[in-house]
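Data from structure_7.txt: compact mmCIF, C-alpha atoms
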# COMPACT_ATOMS: atom_id res chain seq x y z
CA MET A 1 -6.51 -30.74 3.08
CA SER A 2 -4.72 -32.45 0.21
CA GLN A 3 -1.25 -31.34 -0.85
CA ALA A 4 -2.40 -31.04 -4.47
CA ALA A 5 -5.24 -28.70 -3.54
CA PHE A 6 -2.94 -26.59 -1.35
CA THR A 7 -0.36 -26.37 -4.15
CA SER A 8 -3.02 -25.25 -6.66
CA LEU A 9 -4.31 -22.61 -4.27
CA ALA A 10 -0.78 -21.37 -3.57
CA ALA A 11 -0.13 -21.05 -7.32
CA LEU A 12 -3.32 -19.02 -7.81
CA LEU A 13 -2.47 -16.67 -4.95
CA HIS A 14 1.07 -16.17 -6.23
CA ALA A 15 -0.11 -15.41 -9.76
CA ARG A 16 -2.79 -12.96 -8.67
CA SER A 17 -1.23 -11.19 -5.69
CA GLY A 18 2.43 -12.20 -5.45
CA LEU A 19 1.78 -13.83 -2.08
CA VAL A 20 4.09 -16.76 -1.32
CA LEU A 21 2.18 -19.43 0.59
CA GLY A 22 4.51 -22.08 1.99
CA PRO A 23 3.47 -25.46 3.45
CA ASP A 24 3.78 -23.96 6.94
CA LYS A 25 0.79 -21.72 6.16
CA MET A 26 -1.83 -24.45 5.89
CA TYR A 27 -3.31 -23.31 9.20
CA LEU A 28 -3.73 -19.81 7.74
CA VAL A 29 -5.70 -21.18 4.81
CA GLU A 30 -8.02 -23.08 7.13
CA THR A 31 -8.53 -20.05 9.39
CA ARG A 32 -9.20 -17.48 6.68
CA LEU A 33 -11.09 -19.59 4.16
CA GLY A 34 -13.05 -21.74 6.58
CA PRO A 35 -16.06 -19.38 6.84
CA LEU A 36 -16.19 -18.96 3.05
CA MET A 37 -16.10 -22.73 2.48
CA LYS A 38 -18.87 -23.20 5.02
CA ARG A 39 -20.97 -20.52 3.32
CA GLU A 40 -20.43 -22.13 -0.09
CA LYS A 41 -21.05 -25.61 1.33
CA LEU A 42 -17.65 -26.88 0.18
CA ALA A 43 -16.45 -29.85 2.20
CA ASP A 44 -12.74 -29.52 1.41
CA LEU A 45 -10.13 -27.30 -0.20
CA GLY A 46 -10.06 -29.42 -3.35
CA LEU A 47 -13.69 -28.52 -4.08
CA LEU A 48 -12.92 -24.85 -3.52
CA VAL A 49 -9.98 -24.99 -5.94
CA SER A 50 -12.16 -26.72 -8.54
CA ARG A 51 -14.82 -24.03 -8.16
CA ILE A 52 -12.48 -21.06 -8.49
CA SER A 53 -10.71 -22.69 -11.44
CA SER A 54 -13.94 -23.00 -13.40
CA PRO A 55 -15.07 -20.37 -15.95
CA ALA A 56 -17.77 -19.22 -13.50
CA GLY A 57 -15.40 -19.01 -10.54
CA GLU A 58 -13.90 -15.57 -11.04
CA THR A 59 -15.94 -13.82 -8.32
CA LEU A 60 -15.11 -16.52 -5.80
CA ALA A 61 -11.44 -16.51 -6.83
CA ARG A 62 -11.27 -12.79 -6.18
CA GLU A 63 -12.82 -13.23 -2.75
CA VAL A 64 -10.29 -15.93 -1.89
CA VAL A 65 -7.40 -13.64 -2.83
CA GLU A 66 -8.82 -10.80 -0.73
CA LEU A 67 -9.29 -13.06 2.28
CA MET A 68 -5.76 -14.43 2.07
CA THR A 69 -3.90 -11.14 1.67
CA THR A 70 -2.79 -9.41 4.85
CA ASN A 71 -4.38 -6.04 5.68
CA GLU A 72 -2.55 -5.07 8.86
CA THR A 73 -2.07 -1.30 9.12
CA PHE A 74 -2.41 1.60 11.52
CA PHE A 75 -1.92 5.36 11.66
CA PHE A 76 1.68 6.66 11.46
CA ARG A 77 3.00 3.11 11.52
CA ASP A 78 6.65 2.95 12.66
CA GLY A 79 6.86 6.74 12.88
CA LYS A 80 10.20 7.47 11.21
CA PRO A 81 9.08 7.29 7.54
CA PHE A 82 6.38 9.87 8.29
CA GLU A 83 8.91 12.11 10.03
CA HIS A 84 11.18 11.91 7.00
CA PHE A 85 8.24 12.64 4.70
CA LYS A 86 7.30 15.67 6.80
CA LEU A 87 10.73 17.12 7.50
CA SER A 88 12.66 16.20 4.35
CA ALA A 89 10.94 14.73 1.30
CA LEU A 90 7.87 16.96 1.19
CA LYS A 91 9.89 20.16 1.59
CA ARG A 92 12.54 19.13 -0.93
CA ILE A 93 10.06 18.08 -3.61
CA HIS A 94 8.04 21.26 -3.04
CA ALA A 95 11.16 23.41 -3.52
CA ALA A 96 12.14 21.51 -6.68
CA ARG A 97 8.79 21.74 -8.46
CA PRO A 98 7.55 24.69 -10.53
CA ALA A 99 4.63 26.68 -9.14
CA GLY A 100 1.31 25.09 -10.02
CA GLN A 101 2.64 21.56 -10.43
CA PRO A 102 1.06 19.17 -7.92
CA ILE A 103 3.11 16.83 -5.78
CA ARG A 104 1.84 13.27 -6.23
CA VAL A 105 2.07 10.75 -3.39
CA TRP A 106 1.19 7.06 -3.67
CA SER A 107 0.19 4.76 -0.82
CA ALA A 108 0.60 1.35 -2.45
CA ALA A 109 -1.27 -1.62 -0.95
CA CYS A 110 -3.02 0.95 1.22
CA SER A 111 -5.36 -1.46 3.02
CA THR A 112 -8.00 0.39 5.08
CA GLY A 113 -6.44 3.79 4.52
CA GLN A 114 -4.61 4.72 7.70
CA GLU A 115 -1.28 5.28 5.92
CA ALA A 116 -2.74 7.52 3.23
CA TYR A 117 -4.76 9.51 5.76
CA SER A 118 -1.66 9.89 7.95
CA LEU A 119 0.07 11.47 4.96
CA ALA A 120 -2.95 13.70 4.32
CA MET A 121 -2.87 14.99 7.89
CA ILE A 122 0.83 15.78 7.57
CA VAL A 123 0.13 17.72 4.37
CA ALA A 124 -2.75 19.57 6.04
CA GLU A 125 -0.42 20.57 8.88
CA ALA A 126 2.24 21.78 6.40
CA LYS A 127 0.23 24.55 4.72
CA ALA A 128 2.70 27.16 5.97
CA VAL A 129 5.41 25.42 3.93
CA LEU A 130 3.38 24.30 0.93
CA GLY A 131 1.24 27.40 0.44
CA ASP A 132 -1.17 26.81 -2.43
CA ARG A 133 0.69 23.76 -3.68
CA ARG A 134 -1.72 20.91 -4.41
CA VAL A 135 -0.73 17.49 -3.10
CA GLU A 136 -2.46 14.53 -4.70
CA ILE A 137 -2.51 11.41 -2.53
CA VAL A 138 -3.57 8.15 -4.17
CA GLY A 139 -4.24 4.94 -2.27
CA THR A 140 -4.40 1.63 -4.15
CA ASP A 141 -5.20 -1.91 -3.09
CA LEU A 142 -6.41 -5.07 -4.79
CA SER A 143 -9.16 -5.55 -2.18
CA ARG A 144 -12.45 -3.81 -2.84
CA GLU A 145 -13.52 -4.44 0.73
CA VAL A 146 -10.64 -2.53 2.33
CA LEU A 147 -10.97 0.29 -0.20
CA ALA A 148 -14.63 0.69 0.75
CA LYS A 149 -13.63 1.09 4.39
CA ALA A 150 -10.87 3.53 3.45
CA ARG A 151 -13.29 5.70 1.47
CA GLU A 152 -15.70 5.80 4.40
CA GLY A 153 -13.01 7.05 6.77
CA VAL A 154 -14.64 5.59 9.90
CA TYR A 155 -12.44 3.84 12.47
CA SER A 156 -12.99 2.09 15.77
CA GLN A 157 -11.64 3.29 19.11
CA PHE A 158 -9.00 0.56 18.87
CA GLU A 159 -7.92 1.71 15.41
CA VAL A 160 -7.53 5.39 16.33
CA GLN A 161 -5.57 4.46 19.44
CA ARG A 162 -2.92 2.74 17.32
CA GLY A 163 -0.38 5.42 16.42
CA LEU A 164 -2.68 8.44 16.05
CA PRO A 165 -1.61 11.42 18.22
CA ILE A 166 -4.43 12.65 20.43
CA GLN A 167 -4.17 16.21 19.06
CA LEU A 168 -4.78 14.98 15.51
CA LEU A 169 -7.65 12.78 16.69
CA MET A 170 -9.38 15.75 18.29
CA LYS A 171 -8.63 18.06 15.35
CA TYR A 172 -9.57 15.84 12.41
CA PHE A 173 -12.05 13.25 13.76
CA LYS A 174 -15.58 13.39 15.11
CA GLN A 175 -16.89 10.71 17.44
CA GLU A 176 -19.94 8.76 16.27
CA GLY A 177 -21.01 6.31 18.95
CA GLN A 178 -18.16 3.85 19.43
CA ASN A 179 -16.40 4.96 16.23
CA TRP A 180 -14.57 8.02 14.91
CA ARG A 181 -15.23 9.62 11.51
CA LEU A 182 -12.41 11.45 9.74
CA SER A 183 -13.22 14.99 8.62
CA GLU A 184 -14.34 15.53 5.05
CA ALA A 185 -11.45 17.95 4.53
CA ILE A 186 -8.94 15.13 5.08
CA ARG A 187 -10.97 12.44 3.31
CA THR A 188 -11.19 14.50 0.13
CA MET A 189 -7.40 14.85 0.02
CA VAL A 190 -7.09 11.15 -0.89
CA SER A 191 -8.40 9.33 -3.94
CA TRP A 192 -8.75 5.54 -3.94
CA ARG A 193 -8.21 3.16 -6.81
CA GLU A 194 -8.35 -0.58 -7.18
CA GLY A 195 -4.91 -1.71 -8.21
CA ASN A 196 -2.58 -4.71 -8.14
CA LEU A 197 1.17 -4.22 -7.80
CA LEU A 198 1.64 -7.10 -10.23
CA GLY A 199 -0.41 -5.32 -12.89
CA ASP A 200 0.42 -2.49 -15.28
CA LEU A 201 1.14 0.56 -13.13
CA ARG A 202 1.48 3.05 -15.96
CA GLY A 203 -2.16 4.08 -15.79
CA LEU A 204 -1.57 5.51 -12.32
CA GLY A 205 0.80 8.15 -13.65
CA ARG A 206 4.03 9.39 -12.08
CA PHE A 207 4.55 9.80 -8.34
CA ASP A 208 7.08 12.01 -6.58
CA ILE A 209 6.80 10.04 -3.35
CA VAL A 210 5.82 6.39 -2.92
CA PHE A 211 5.00 4.47 0.26
CA CYS A 212 5.12 0.71 -0.36
CA ARG A 213 5.77 -0.53 3.15
CA ASN A 214 5.53 -4.04 4.60
CA VAL A 215 4.33 -5.46 1.28
CA LEU A 216 7.45 -6.94 -0.30
CA ILE A 217 7.98 -9.25 2.68
CA TYR A 218 5.19 -11.46 1.29
CA PHE A 219 6.81 -11.81 -2.16
CA ASP A 220 9.56 -14.03 -3.51
CA GLN A 221 12.75 -12.46 -4.88
CA ALA A 222 11.63 -12.44 -8.51
CA THR A 223 8.33 -10.77 -7.66
CA LYS A 224 10.07 -8.21 -5.43
CA GLY A 225 12.36 -7.29 -8.31
CA ARG A 226 9.48 -6.99 -10.74
CA VAL A 227 7.46 -4.76 -8.40
CA LEU A 228 10.39 -2.53 -7.46
CA ALA A 229 11.37 -2.03 -11.10
CA ALA A 230 7.77 -1.12 -11.96
CA ILE A 231 7.60 1.38 -9.08
CA ALA A 232 10.92 2.95 -10.10
CA GLY A 233 9.48 3.36 -13.59
CA GLN A 234 6.70 5.54 -12.14
CA MET A 235 9.06 7.88 -10.27
CA PRO A 236 11.01 10.96 -11.36
CA ALA A 237 14.77 11.01 -10.93
CA ASP A 238 14.48 12.90 -7.62
CA GLY A 239 11.61 10.82 -6.24
CA VAL A 240 11.50 9.07 -2.87
CA LEU A 241 10.41 5.52 -2.04
CA TYR A 242 9.66 4.28 1.48
CA LEU A 243 9.83 0.56 2.26
CA GLY A 244 9.23 -1.29 5.52
CA GLY A 245 12.02 -1.65 8.05
CA ALA A 246 12.53 -5.32 7.13
CA GLU A 247 12.57 -4.64 3.39
CA THR A 248 15.40 -3.62 1.07
CA VAL A 249 16.28 -3.17 -2.59
CA LEU A 250 19.81 -4.53 -2.09
CA GLY A 251 20.46 -7.59 -4.19
CA ILE A 252 17.03 -7.28 -5.79
CA THR A 253 17.16 -4.35 -8.21
CA ASP A 254 19.67 -1.76 -9.36
CA ARG A 255 16.90 0.66 -10.30
CA LEU A 256 16.80 2.03 -6.74
CA SER A 257 19.44 2.98 -4.18
CA ALA A 258 19.37 3.56 -0.43
CA VAL A 259 19.39 7.16 0.78
CA ALA A 260 22.51 7.63 2.88
CA GLY A 261 21.88 7.72 6.61
CA GLU A 262 18.22 6.72 6.32
CA ARG A 263 16.62 3.36 6.96
CA GLY A 264 13.91 2.27 4.56
CA VAL A 265 14.27 5.33 2.29
CA TYR A 266 15.27 4.87 -1.36
CA GLU A 267 15.65 6.89 -4.52
CA PRO A 268 15.98 6.08 -8.22
CA THR A 269 19.54 5.20 -9.16
CA PRO A 270 20.97 7.84 -11.52
CA ALA A 271 21.98 6.64 -14.95
CA PRO A 272 25.78 6.65 -15.46
CA GLY A 273 26.85 10.25 -16.01
CA ALA A 274 23.39 11.62 -15.36
CA ARG A 275 22.22 14.00 -12.70
CA GLY A 276 18.80 13.80 -11.02
CA THR A 277 16.25 16.20 -12.44
CA ALA A 278 12.69 16.97 -11.50
CA ALA A 279 9.84 15.52 -13.50
CA ALA A 280 8.29 17.73 -16.12
Take the structure in the file and write it out as structure tokens.
Amino acid sequence: MSQAAFTSLAALLHARSGLVLGPDKMYLVETRLGPLMKREKLADLGLLVSRISSPAGETLAREVVELMTTNETFFFRDGKPFEHFKLSALKRIHAARPAGQPIRVWSAACSTGQEAYSLAMIVAEAKAVLGDRRVEIVGTDLSREVLAKAREGVYSQFEVQRGLPIQLLMKYFKQEGQNWRLSEAIRTMVSWREGNLLGDLRGLGRFDIVFCRNVLIYFDQATKGRVLAAIAGQMPADGVLYLGGAETVLGITDRLSAVAGERGVYEPTPAPGARGTAAA
């Protein structure tokens, strides 16, 4: 693998997905792109870079980006953000919104859907609090492949064993051979859209609550700041943002501030002299 080819590939990945690919990740390139290069009969990375850089290489370039981005996820990952969503954010936003106005929740970089479906199950279990309030959950990812799996709502025994409480498994899933299919009632609570955090987010609309967890760790500082500012622009003054435990807004953007006493929970920073108000 030539250094020039690796550098060109790293630049493409950074431009399209924000992923920072350092020299120590050469093994990752070989592991993830090896099968594709074999299929395309490309002897080395330089030939792959030449192909995806050509006018006819867009489809292949997209596949390369999807293969190189990380899609690790599981139900109720890390636990505490979902507890905060259930016990604090959801109730507070519900109380602050006029009757008939939906609460909008965004699972950004949703991968195969476990995060968004975890949120949907929490909402389904909170009917006594929410009443007739509609909660719109939107999952976005740049990978069409993972979105297809998310829409299907079918998970392996291994996947449902990772974080999913047994009572929710038995209540909301039906076993099909070696797999488990999520109930239609939960699947229809989530809509899925292809979307890139580096793109224009305005078409998604405003979100009261945003989960963007374990995504920023793959970005450089400038990209983190750009993404966080864009997310803040899609939130009302009383909105809530959840980041991963190893992620922070400190030293990156002043558009968001940490919620006191909570790890990984952030809110839009009030303008000087302004008080937080609900979105219209």
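With distances restricted to all atoms listed in the file, A:Gly139 is the closest residue to Gln114 in chain A from A:Gly46, A:Gly139, A:Gly34, A:Gly244.
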Check: Interatomic distance between CA of Lys171 in chain A and CA of Thr112 in chain A?
Finding: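 According to the coordinates, CA of Lys171 in chain A and CA of Thr112 in chain A are separated by 20.4 Å.
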Checklist line | Gap from CA of Met189 in chain A to CA of Tyr117 in chain A - Å, one decimal | finding: 8.3 Å
Notebook entry, point to check: What lies within 8 Å of range 1-9 of chain A using all atoms listed in the file, ignoring chain neighbours under 4 positions off, as a PyMOL selection string?
Noted result: chain A and resi 13+26+44-46+49
Margin query: So that I can see what lies close to range 211-216 of chain A, please list as number ranges by chain the residues with an atom at most 6 Å from it, counting all atoms listed in the file and leaving out residues fewer than 2 positions away in the same chain.
Written below: A: 107-108, 218-219, 224, 241-244
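Omitting Phe75 in chain A and its sequence neighbours fewer than 4 positions away, and counting all atoms listed in the file, the residues within 6 Å are Gln114, Glu115, Ser118, Gly163 and Leu164 of chain A.
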Next item on the list: Between CA of Pro236 in chain A and CA of Ala96 in chain A, measure the distance and give it in Å to one decimal.
Entry: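 The value is 11.6 Å.
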Next item on the list: Name all residues at most 9 Å from Ile93 in chain A (count all atoms listed in the file; drop same-chain ones fewer than 2 positions away) and give them as a PyMOL selection string.
Entry: chain A and resi 88-91+95-97+103+208-209+238-239+278
Which residues come within 6 Å of Val105 in chain A, counting all atoms listed in the file, excluding same-chain residues fewer than 2 positions away, as an mmCIF file with C-alpha atoms, keeping the file's coordinate frame?
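Final output, saved to result_24.cif:
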data_model
loop_
_atom_site.group_PDB
_atom_site.id
_atom_site.type_symbol
_atom_site.label_atom_id
_atom_site.label_comp_id
_atom_site.auth_asym_id
_atom_site.auth_seq_id
_atom_site.Cartn_x
_atom_site.Cartn_y
_atom_site.Cartn_z
ATOM 1 C CA ILE A 137 -2.510 11.410 -2.530
ATOM 2 C CA PHE A 207 4.550 9.800 -8.340
ATOM 3 C CA ILE A 209 6.800 10.040 -3.350
ATOM 4 C CA VAL A 210 5.820 6.390 -2.920
#
